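Okay, structure first, notes after.
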Amino acid sequence: MKFLPLLILFFSSLFLGETTESNGYQPGDKATDFKLKSVDGKMYSMADYKDAKGFIVVFTCNTCPFAIKYEDRINAIAKKYKSKGYVLLAINPNDPEAQPADTFELMQEKAKEKGFVFPYLVDEGQKIYPQYGATKTPHVFLLDKNLIVKYIGAIDDNSDDASAVKEKYLENAIRALDNGTEPSPATTKAIGCSIKTKKKA
Amino acid sequence: MRLIFTLFFVLTSMGCSKLSAQIAVYEKFDAFEKAVLKEDDNTYVVNFWATWCAPCIKELPYFEQLHKDNPKVKVILVSLDSRKDLEKKLIPFVAKKQLTAEVILLSDKDYNAWLNKIDDSWSGAIPATLIISGKRKLFAEREFENFTELNNYVNAFINHN
(Lines give C-alpha, C1' and ligand atoms only; values in the text may rest on other atoms or scores of the structure.)
Protein backbone atom coordinates (compact mmCIF):
# COMPACT_ATOMS: atom_id res chain seq x y z
CA MET A 1 0.00 0.00 0.00
CA LYS A 2 1.67 3.09 -1.12
CA PHE A 3 -0.54 6.09 -0.64
CA LEU A 4 0.40 9.62 -1.49
CA PRO A 5 1.32 11.29 1.78
CA LEU A 6 0.17 14.69 0.60
CA LEU A 7 -3.27 13.45 -0.26
CA ILE A 8 -3.53 11.77 3.10
CA LEU A 9 -2.48 14.94 4.82
CA PHE A 10 -4.96 16.98 2.85
CA PHE A 11 -7.70 14.50 3.41
CA SER A 12 -7.16 13.90 7.07
CA SER A 13 -7.22 17.65 7.60
CA LEU A 14 -10.80 17.60 6.36
CA PHE A 15 -11.64 15.15 9.07
CA LEU A 16 -9.91 16.68 12.03
CA GLY A 17 -13.17 16.84 13.93
CA GLU A 18 -13.66 13.12 13.45
CA THR A 19 -10.40 11.78 14.73
CA THR A 20 -10.07 10.54 18.27
CA GLU A 21 -6.33 10.50 18.42
CA SER A 22 -5.10 11.15 21.93
CA ASN A 23 -2.03 13.05 22.90
CA GLY A 24 -0.07 10.92 25.24
CA TYR A 25 3.55 10.53 26.17
CA GLN A 26 6.37 9.87 23.79
CA PRO A 27 9.70 8.41 24.87
CA GLY A 28 11.66 11.20 26.55
CA ASP A 29 8.63 12.84 28.15
CA LYS A 30 8.34 13.11 31.91
CA ALA A 31 5.43 11.07 33.23
CA THR A 32 3.11 12.24 35.93
CA ASP A 33 3.10 10.50 39.29
CA PHE A 34 -0.22 9.36 40.73
CA LYS A 35 -1.78 8.35 44.01
CA LEU A 36 -4.14 5.49 43.33
CA LYS A 37 -5.89 2.87 45.43
CA SER A 38 -4.81 -0.73 45.08
CA VAL A 39 -6.77 -3.92 45.72
CA ASP A 40 -5.26 -4.00 49.24
CA GLY A 41 -7.06 -0.74 50.01
CA LYS A 42 -3.80 1.24 50.28
CA MET A 43 -2.78 4.20 48.17
CA TYR A 44 0.30 3.93 45.95
CA SER A 45 2.53 6.53 44.35
CA MET A 46 5.80 6.17 42.52
CA ALA A 47 7.22 8.70 44.97
CA ASP A 48 6.85 6.05 47.70
CA TYR A 49 9.61 3.99 46.09
CA LYS A 50 12.68 6.01 46.94
CA ASP A 51 15.16 3.34 45.85
CA ALA A 52 13.46 2.27 42.62
CA LYS A 53 15.64 2.20 39.49
CA GLY A 54 12.57 2.43 37.31
CA PHE A 55 8.86 1.80 37.00
CA ILE A 56 6.87 -0.53 34.80
CA VAL A 57 3.39 0.98 34.51
CA VAL A 58 0.97 -1.48 32.93
CA PHE A 59 -2.56 -0.42 31.99
CA THR A 60 -4.54 -3.63 32.15
CA CYS A 61 -7.92 -4.94 33.23
CA ASN A 62 -9.89 -7.98 34.36
CA THR A 63 -11.61 -9.16 31.21
CA CYS A 64 -9.89 -8.13 28.01
CA PRO A 65 -8.76 -11.40 26.39
CA PHE A 66 -5.38 -9.84 25.65
CA ALA A 67 -4.99 -8.68 29.23
CA ILE A 68 -5.88 -12.18 30.42
CA LYS A 69 -3.37 -13.77 28.06
CA TYR A 70 -0.69 -11.54 29.58
CA GLU A 71 -1.63 -11.86 33.28
CA ASP A 72 0.90 -14.56 34.06
CA ARG A 73 3.60 -12.87 32.01
CA ILE A 74 3.02 -9.55 33.81
CA ASN A 75 3.20 -11.28 37.17
CA ALA A 76 6.42 -13.07 36.17
CA ILE A 77 8.02 -9.81 35.01
CA ALA A 78 6.99 -8.11 38.28
CA LYS A 79 8.64 -10.89 40.28
CA LYS A 80 11.74 -11.05 38.14
CA TYR A 81 12.52 -7.33 38.19
CA LYS A 82 11.44 -6.52 41.74
CA SER A 83 14.75 -7.79 43.05
CA LYS A 84 16.59 -5.75 40.42
CA GLY A 85 14.94 -2.55 41.63
CA TYR A 86 12.17 -2.14 39.07
CA VAL A 87 8.65 -1.64 40.40
CA LEU A 88 5.66 -2.87 38.42
CA LEU A 89 2.40 -1.00 38.99
CA ALA A 90 -0.73 -2.14 37.17
CA ILE A 91 -3.53 0.35 36.59
CA ASN A 92 -7.04 -0.63 35.55
CA PRO A 93 -8.24 2.31 33.42
CA ASN A 94 -11.75 1.05 32.68
CA ASP A 95 -14.82 2.74 34.09
CA PRO A 96 -16.69 -0.04 35.96
CA GLU A 97 -19.94 1.60 34.95
CA ALA A 98 -19.03 0.98 31.33
CA GLN A 99 -17.40 -2.41 32.01
CA PRO A 100 -19.09 -4.03 35.04
CA ALA A 101 -16.45 -6.76 35.16
CA ASP A 102 -13.89 -4.18 36.28
CA THR A 103 -15.33 -3.19 39.66
CA PHE A 104 -12.97 -2.83 42.61
CA GLU A 105 -14.32 -6.05 44.16
CA LEU A 106 -13.72 -8.04 40.97
CA MET A 107 -10.22 -6.56 40.72
CA GLN A 108 -9.58 -7.82 44.25
CA GLU A 109 -10.83 -11.26 43.25
CA LYS A 110 -8.62 -11.27 40.16
CA ALA A 111 -5.53 -10.23 42.12
CA LYS A 112 -6.16 -12.94 44.71
CA GLU A 113 -6.95 -15.65 42.20
CA LYS A 114 -3.86 -14.91 40.10
CA GLY A 115 -1.59 -14.15 43.06
CA PHE A 116 -0.56 -10.75 41.73
CA VAL A 117 2.71 -9.66 43.36
CA PHE A 118 2.20 -6.04 42.28
CA PRO A 119 -0.26 -3.29 43.23
CA TYR A 120 -3.34 -3.43 41.03
CA LEU A 121 -4.61 0.13 41.02
CA VAL A 122 -7.90 1.79 40.17
CA ASP A 123 -7.73 4.80 37.85
CA GLU A 124 -10.42 6.52 39.88
CA GLY A 125 -12.22 9.05 37.71
CA GLN A 126 -10.09 7.93 34.72
CA LYS A 127 -7.66 10.80 35.21
CA ILE A 128 -4.35 9.02 34.71
CA TYR A 129 -4.67 6.96 31.52
CA PRO A 130 -5.41 9.98 29.25
CA GLN A 131 -2.30 11.76 30.53
CA TYR A 132 -0.18 8.74 29.67
CA GLY A 133 -1.98 8.29 26.36
CA ALA A 134 -2.93 4.71 27.06
CA THR A 135 -5.56 3.63 24.54
CA LYS A 136 -5.94 -0.04 25.24
CA THR A 137 -5.29 -2.93 27.59
CA PRO A 138 -2.63 -4.07 28.00
CA HIS A 139 -0.51 -0.98 27.33
CA VAL A 140 2.91 -0.63 28.96
CA PHE A 141 4.98 2.42 29.91
CA LEU A 142 8.52 1.95 31.19
CA LEU A 143 9.86 4.90 33.20
CA ASP A 144 13.27 5.53 34.66
CA LYS A 145 13.70 6.58 38.29
CA ASN A 146 13.12 10.23 37.33
CA LEU A 147 9.84 9.22 35.64
CA ILE A 148 11.21 9.85 32.16
CA VAL A 149 9.39 7.62 29.68
CA LYS A 150 11.80 5.13 28.13
CA TYR A 151 9.53 2.65 26.39
CA ILE A 152 5.86 2.49 25.36
CA GLY A 153 3.93 -0.39 23.91
CA ALA A 154 3.63 -4.13 23.99
CA ILE A 155 5.06 -6.72 26.36
CA ASP A 156 6.25 -9.03 23.58
CA ASP A 157 5.44 -10.07 20.03
CA ASN A 158 3.09 -12.98 20.62
CA SER A 159 -0.07 -12.46 22.62
CA ASP A 160 -1.33 -15.97 21.94
CA ASP A 161 1.61 -18.07 22.93
CA ALA A 162 4.27 -17.09 25.46
CA SER A 163 6.46 -19.97 24.30
CA ALA A 164 6.47 -18.69 20.71
CA VAL A 165 7.66 -15.20 21.61
CA LYS A 166 10.63 -14.00 19.57
CA GLU A 167 11.01 -10.46 20.89
CA LYS A 168 10.50 -9.64 24.55
CA TYR A 169 10.11 -5.92 23.93
CA LEU A 170 9.46 -4.90 27.53
CA GLU A 171 12.20 -7.02 29.09
CA ASN A 172 14.67 -5.87 26.43
CA ALA A 173 13.75 -2.28 27.27
CA ILE A 174 14.22 -2.86 31.01
CA ARG A 175 17.61 -4.43 30.31
CA ALA A 176 18.60 -1.44 28.18
CA LEU A 177 17.50 0.94 30.93
CA ASP A 178 19.46 -1.08 33.46
CA ASN A 179 22.53 -0.89 31.24
CA GLY A 180 22.15 2.84 30.87
CA THR A 181 21.29 2.67 27.17
CA GLU A 182 18.18 3.73 25.29
CA PRO A 183 15.68 0.96 24.56
CA SER A 184 15.37 0.05 20.90
CA PRO A 185 12.66 -0.12 19.82
CA ALA A 186 11.41 2.57 22.18
CA THR A 187 7.84 2.08 21.04
CA THR A 188 5.96 -0.96 19.75
CA LYS A 189 2.38 -1.64 18.84
CA ALA A 190 -0.05 -4.41 19.56
CA ILE A 191 -3.75 -5.08 19.37
CA GLY A 192 -5.68 -4.60 22.57
CA CYS A 193 -9.11 -3.83 23.97
CA SER A 194 -10.14 -0.22 23.90
CA ILE A 195 -10.37 1.47 27.29
CA LYS A 196 -13.97 1.54 28.43
CA THR A 197 -15.54 4.89 29.19
CA LYS A 198 -19.11 5.99 29.69
CA LYS A 199 -20.65 7.46 26.57
CA LYS A 200 -20.78 11.19 26.75
CA ALA A 201 -24.23 12.50 26.14
CA MET B 1 8.18 -16.56 4.02
CA ARG B 2 5.47 -19.14 3.65
CA LEU B 3 2.14 -17.76 2.58
CA ILE B 4 -0.79 -19.58 3.91
CA PHE B 5 -4.13 -18.97 2.39
CA THR B 6 -7.02 -21.16 3.22
CA LEU B 7 -10.64 -20.91 2.37
CA PHE B 8 -13.37 -22.17 4.56
CA PHE B 9 -16.82 -22.63 3.21
CA VAL B 10 -19.72 -22.94 5.50
CA LEU B 11 -22.93 -23.68 3.75
CA THR B 12 -25.95 -23.62 5.91
CA SER B 13 -29.45 -24.12 4.73
CA MET B 14 -31.74 -21.44 6.02
CA GLY B 15 -35.21 -22.44 4.97
CA CYS B 16 -35.31 -21.88 1.26
CA SER B 17 -32.42 -19.42 1.12
CA LYS B 18 -28.84 -20.37 1.49
CA LEU B 19 -26.52 -18.52 3.81
CA SER B 20 -22.97 -18.84 2.72
CA ALA B 21 -20.19 -17.67 4.97
CA GLN B 22 -16.84 -17.78 3.31
CA ILE B 23 -13.91 -16.83 5.45
CA ALA B 24 -10.49 -16.37 3.91
CA VAL B 25 -7.65 -16.82 6.38
CA TYR B 26 -4.41 -14.87 6.21
CA GLU B 27 -1.67 -15.80 8.64
CA LYS B 28 0.71 -13.21 7.20
CA PHE B 29 -0.01 -9.53 6.75
CA ASP B 30 1.83 -9.27 3.42
CA ALA B 31 -0.48 -11.79 1.78
CA PHE B 32 -3.50 -10.02 3.26
CA GLU B 33 -2.27 -6.65 2.04
CA LYS B 34 -1.73 -7.92 -1.47
CA ALA B 35 -5.07 -9.69 -1.73
CA VAL B 36 -7.40 -7.41 0.22
CA LEU B 37 -6.16 -3.83 0.30
CA LYS B 38 -6.66 -3.09 -3.35
CA GLU B 39 -6.12 0.27 -4.99
CA ASP B 40 -8.68 -0.02 -7.74
CA ASP B 41 -11.86 1.79 -8.78
CA ASN B 42 -13.86 0.50 -5.83
CA THR B 43 -14.28 2.06 -2.43
CA TYR B 44 -13.49 -0.42 0.32
CA VAL B 45 -14.61 -0.02 3.90
CA VAL B 46 -12.33 -2.27 5.93
CA ASN B 47 -13.38 -2.75 9.55
CA PHE B 48 -10.99 -4.37 12.03
CA TRP B 49 -12.80 -6.30 14.76
CA ALA B 50 -12.79 -9.50 16.79
CA THR B 51 -15.38 -11.76 18.39
CA TRP B 52 -13.96 -10.85 21.83
CA CYS B 53 -14.32 -7.10 21.27
CA ALA B 54 -17.64 -5.86 22.66
CA PRO B 55 -17.66 -2.40 21.03
CA CYS B 56 -16.77 -4.04 17.71
CA ILE B 57 -19.69 -6.44 17.94
CA LYS B 58 -22.00 -3.58 18.75
CA GLU B 59 -21.16 -1.74 15.53
CA LEU B 60 -21.03 -4.78 13.22
CA PRO B 61 -24.73 -4.46 12.28
CA TYR B 62 -24.03 -0.94 10.99
CA PHE B 63 -21.33 -2.30 8.70
CA GLU B 64 -23.64 -5.10 7.62
CA GLN B 65 -26.29 -2.53 6.80
CA LEU B 66 -23.72 -0.43 4.94
CA HIS B 67 -22.88 -3.51 2.89
CA LYS B 68 -26.55 -4.00 2.04
CA ASP B 69 -27.66 -0.38 1.62
CA ASN B 70 -24.71 1.47 0.15
CA PRO B 71 -23.94 0.17 -3.33
CA LYS B 72 -21.00 2.58 -3.62
CA VAL B 73 -18.85 0.62 -1.21
CA LYS B 74 -17.55 -2.86 -0.62
CA VAL B 75 -17.46 -3.76 3.07
CA ILE B 76 -14.75 -6.08 4.37
CA LEU B 77 -14.88 -7.25 7.97
CA VAL B 78 -11.37 -8.20 9.05
CA SER B 79 -11.43 -10.32 12.19
CA LEU B 80 -8.29 -10.27 14.32
CA ASP B 81 -9.28 -13.39 16.22
CA SER B 82 -6.75 -16.12 16.79
CA ARG B 83 -6.37 -18.79 14.13
CA LYS B 84 -7.39 -21.42 16.66
CA ASP B 85 -10.70 -19.65 17.23
CA LEU B 86 -11.77 -19.88 13.58
CA GLU B 87 -13.92 -22.98 13.82
CA LYS B 88 -14.93 -22.64 17.46
CA LYS B 89 -15.82 -18.95 17.58
CA LEU B 90 -15.58 -17.02 14.34
CA ILE B 91 -17.53 -19.26 11.96
CA PRO B 92 -20.40 -19.82 14.42
CA PHE B 93 -20.45 -16.10 15.21
CA VAL B 94 -20.69 -15.09 11.56
CA ALA B 95 -23.47 -17.63 11.01
CA LYS B 96 -25.38 -16.54 14.11
CA LYS B 97 -25.19 -12.87 13.20
CA GLN B 98 -26.06 -13.76 9.60
CA LEU B 99 -23.32 -11.53 8.27
CA THR B 100 -23.38 -11.35 4.50
CA ALA B 101 -20.57 -8.82 4.14
CA GLU B 102 -17.20 -10.39 3.39
CA VAL B 103 -15.44 -11.68 6.52
CA ILE B 104 -11.71 -12.28 6.58
CA LEU B 105 -9.51 -13.65 9.34
CA LEU B 106 -6.12 -11.95 9.69
CA SER B 107 -4.27 -13.93 12.34
CA ASP B 108 -0.77 -12.45 12.01
CA LYS B 109 0.27 -11.91 15.64
CA ASP B 110 3.36 -9.86 14.88
CA TYR B 111 1.34 -6.68 15.33
CA ASN B 112 4.31 -4.40 15.72
CA ALA B 113 5.39 -5.42 12.23
CA TRP B 114 2.15 -4.57 10.47
CA LEU B 115 -0.09 -2.13 12.39
CA ASN B 116 1.88 0.83 11.05
CA LYS B 117 1.38 -0.44 7.51
CA ILE B 118 -2.34 0.15 7.95
CA ASP B 119 -1.80 3.56 9.51
CA ASP B 120 0.82 5.24 11.69
CA SER B 121 -1.85 6.61 13.96
CA TRP B 122 -3.22 3.18 14.90
CA SER B 123 -2.35 2.46 18.52
CA GLY B 124 -3.70 -1.07 18.22
CA ALA B 125 -7.10 -0.59 19.84
CA ILE B 126 -10.10 -1.95 18.01
CA PRO B 127 -12.55 -1.29 16.51
CA ALA B 128 -10.75 0.61 13.78
CA THR B 129 -11.82 1.33 10.24
CA LEU B 130 -9.92 1.99 7.03
CA ILE B 131 -11.53 3.33 3.88
CA ILE B 132 -9.66 2.93 0.60
CA SER B 133 -10.49 4.36 -2.77
CA GLY B 134 -7.68 4.08 -5.27
CA LYS B 135 -4.78 6.00 -3.74
CA ARG B 136 -6.92 7.75 -1.17
CA LYS B 137 -7.38 6.39 2.30
CA LEU B 138 -8.90 7.35 5.60
CA PHE B 139 -8.15 5.54 8.82
CA ALA B 140 -9.74 6.02 12.21
CA GLU B 141 -9.42 4.19 15.49
CA ARG B 142 -12.99 4.85 16.54
CA GLU B 143 -16.44 3.46 17.12
CA PHE B 144 -19.64 4.36 15.31
CA GLU B 145 -22.74 4.99 17.37
CA ASN B 146 -25.26 4.05 14.71
CA PHE B 147 -25.69 3.31 11.03
CA THR B 148 -26.34 6.92 10.04
CA GLU B 149 -23.10 8.08 11.60
CA LEU B 150 -21.14 5.40 9.73
CA ASN B 151 -22.96 5.99 6.45
CA ASN B 152 -22.43 9.77 6.63
CA TYR B 153 -18.77 9.26 7.45
CA VAL B 154 -18.30 6.97 4.46
CA ASN B 155 -20.28 9.19 2.11
CA ALA B 156 -18.26 12.25 3.17
CA PHE B 157 -15.15 10.35 2.11
CA ILE B 158 -16.66 9.34 -1.22
CA ASN B 159 -17.95 12.83 -1.97
CA HIS B 160 -14.54 14.39 -1.50
CA ASN B 161 -13.35 12.82 -4.72
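Quick note on naming: the chains in the C-alpha coordinates go A, B, ... in the order shown, residues restart at 1 in each chain, and ligands are numbered from 1 in order of appearance.
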- Extract, using only C-alpha atoms, all DNA, RNA and protein residues at most 9 Å from Leu60 of chain B, discarding same-chain residues fewer than 2 positions from it, and format them as a list in words. Asn47, Trp49, Pro55, Cys56, Ile57, Lys58, Tyr62, Phe63, Glu64, Gln65, Leu77 and Leu99 of chain B
- Check the DSSP output for the backbone and give back, as JSON, numbers by chain, the residues of segment 82-154 of chain B in helix (DSSP H, G or I). {"B": [83, 84, 85, 86, 87, 88, 89, 90, 91, 92, 93, 94, 95, 96, 111, 112, 113, 114, 115, 116, 117, 118, 147, 148, 149, 150, 151, 152, 153, 154]}
- Item | Proximity to Phe66 of chain A - best of B:Asn152, B:Ser107, B:Thr100, B:Ser82, only C-alpha atoms | B:Ser82
- Message: Using only C-alpha atoms and a cut-off of 10 Å, which residues of chain B sit close to chain A? Please list them as a PyMOL selection string.
- Response: chain B and resi 33-34+37-39+50+52-56+80+82-84+108-118+121-127+132+134-143+145+153+156-157+160
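Of the residues under consideration (A:Val122, A:Phe55, A:Gly115, A:Tyr70), A:Val122 shows the shortest atom-to-atom contact distance to Gly41 of chain A when counting only C-alpha atoms.
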- Leu36 of chain A surroundings by only C-alpha atoms, 8 Å radius, close-in-sequence under 6 positions cut, as a ChimeraX atom specification: /A:43-45,121-124
- Message: Need the shell around Ala90 of chain A: protein/DNA/RNA residues with any atom at most 6 Å away, counting only C-alpha atoms. Skip same-chain ones fewer than 5 positions apart. Format as a list in words?
- Response: Val57, Val58, Phe59, Tyr120 and Leu121 of chain A
Written file, previous selection with all heavy atoms, as a PDB file, in the first residue's frame:
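Done, and the output landed in part-v4.pdb:
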```pdb
ATOM      1  N   VAL A  57       4.804   0.650  34.324  1.00  0.00           N
ATOM      2  CA  VAL A  57       3.389   0.981  34.513  1.00  0.00           C
ATOM      3  C   VAL A  57       2.598   0.247  33.430  1.00  0.00           C
ATOM      4  O   VAL A  57       2.792   0.486  32.239  1.00  0.00           O
ATOM      5  CB  VAL A  57       3.154   2.503  34.419  1.00  0.00           C
ATOM      6  CG1 VAL A  57       1.669   2.826  34.592  1.00  0.00           C
ATOM      7  CG2 VAL A  57       3.992   3.235  35.473  1.00  0.00           C
ATOM      8  N   VAL A  58       1.729  -0.658  33.878  1.00  0.00           N
ATOM      9  CA  VAL A  58       0.969  -1.479  32.929  1.00  0.00           C
ATOM     10  C   VAL A  58      -0.521  -1.152  33.057  1.00  0.00           C
ATOM     11  O   VAL A  58      -1.112  -1.370  34.113  1.00  0.00           O
ATOM     12  CB  VAL A  58       1.166  -2.986  33.213  1.00  0.00           C
ATOM     13  CG1 VAL A  58       0.410  -3.825  32.168  1.00  0.00           C
ATOM     14  CG2 VAL A  58       2.630  -3.354  33.223  1.00  0.00           C
ATOM     15  N   PHE A  59      -1.104  -0.608  32.007  1.00  0.00           N
ATOM     16  CA  PHE A  59      -2.555  -0.423  31.992  1.00  0.00           C
ATOM     17  C   PHE A  59      -3.166  -1.746  31.549  1.00  0.00           C
ATOM     18  O   PHE A  59      -2.873  -2.249  30.456  1.00  0.00           O
ATOM     19  CB  PHE A  59      -2.944   0.715  31.036  1.00  0.00           C
ATOM     20  CG  PHE A  59      -2.522   2.057  31.553  1.00  0.00           C
ATOM     21  CD1 PHE A  59      -1.264   2.579  31.234  1.00  0.00           C
ATOM     22  CD2 PHE A  59      -3.347   2.781  32.400  1.00  0.00           C
ATOM     23  CE1 PHE A  59      -0.854   3.806  31.738  1.00  0.00           C
ATOM     24  CE2 PHE A  59      -2.942   4.019  32.912  1.00  0.00           C
ATOM     25  CZ  PHE A  59      -1.685   4.526  32.587  1.00  0.00           C
ATOM     26  N   TYR A 120      -2.402  -3.477  42.150  1.00  0.00           N
ATOM     27  CA  TYR A 120      -3.342  -3.431  41.027  1.00  0.00           C
ATOM     28  C   TYR A 120      -4.280  -2.261  41.336  1.00  0.00           C
ATOM     29  O   TYR A 120      -5.139  -2.349  42.201  1.00  0.00           O
ATOM     30  CB  TYR A 120      -4.084  -4.766  40.938  1.00  0.00           C
ATOM     31  CG  TYR A 120      -5.000  -4.955  39.748  1.00  0.00           C
ATOM     32  CD1 TYR A 120      -4.847  -4.229  38.576  1.00  0.00           C
ATOM     33  CD2 TYR A 120      -6.018  -5.916  39.790  1.00  0.00           C
ATOM     34  CE1 TYR A 120      -5.681  -4.436  37.495  1.00  0.00           C
ATOM     35  CE2 TYR A 120      -6.862  -6.133  38.715  1.00  0.00           C
ATOM     36  CZ  TYR A 120      -6.694  -5.391  37.567  1.00  0.00           C
ATOM     37  OH  TYR A 120      -7.536  -5.604  36.492  1.00  0.00           O
ATOM     38  N   LEU A 121      -4.036  -1.159  40.636  1.00  0.00           N
ATOM     39  CA  LEU A 121      -4.614   0.125  41.021  1.00  0.00           C
ATOM     40  C   LEU A 121      -5.841   0.511  40.207  1.00  0.00           C
ATOM     41  O   LEU A 121      -5.956   0.146  39.027  1.00  0.00           O
ATOM     42  CB  LEU A 121      -3.550   1.222  40.856  1.00  0.00           C
ATOM     43  CG  LEU A 121      -2.178   0.931  41.469  1.00  0.00           C
ATOM     44  CD1 LEU A 121      -1.150   1.949  40.962  1.00  0.00           C
ATOM     45  CD2 LEU A 121      -2.257   0.973  42.990  1.00  0.00           C
TER      46      LEU A 121
END
```
- Query: Rounded to one decimal in Å, what is the spacing between atom CA of Ile128 of chain A and atom CA of Gly85 of chain A?
  - Reply: 23.5 Å
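Candidate residues A:Asn172, A:Asn23, A:Asn62, A:Ser83 were compared for distance to Thr103 of chain A, and the nearest is A:Asn62, using only C-alpha atoms.
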- Item | DSSP strand (DSSP E) selection over chain B, as JSON, numbers by chain | {"B": [5, 6, 7, 8, 9, 10, 11, 12, 13, 14, 17, 18, 19, 20, 21, 22, 23, 24, 25, 26, 43, 44, 45, 46, 47, 48, 49, 73, 74, 75, 76, 77, 78, 79, 102, 103, 104, 105, 106, 125, 126, 128, 129, 130, 131, 132, 133, 136, 137, 138, 139, 140]}
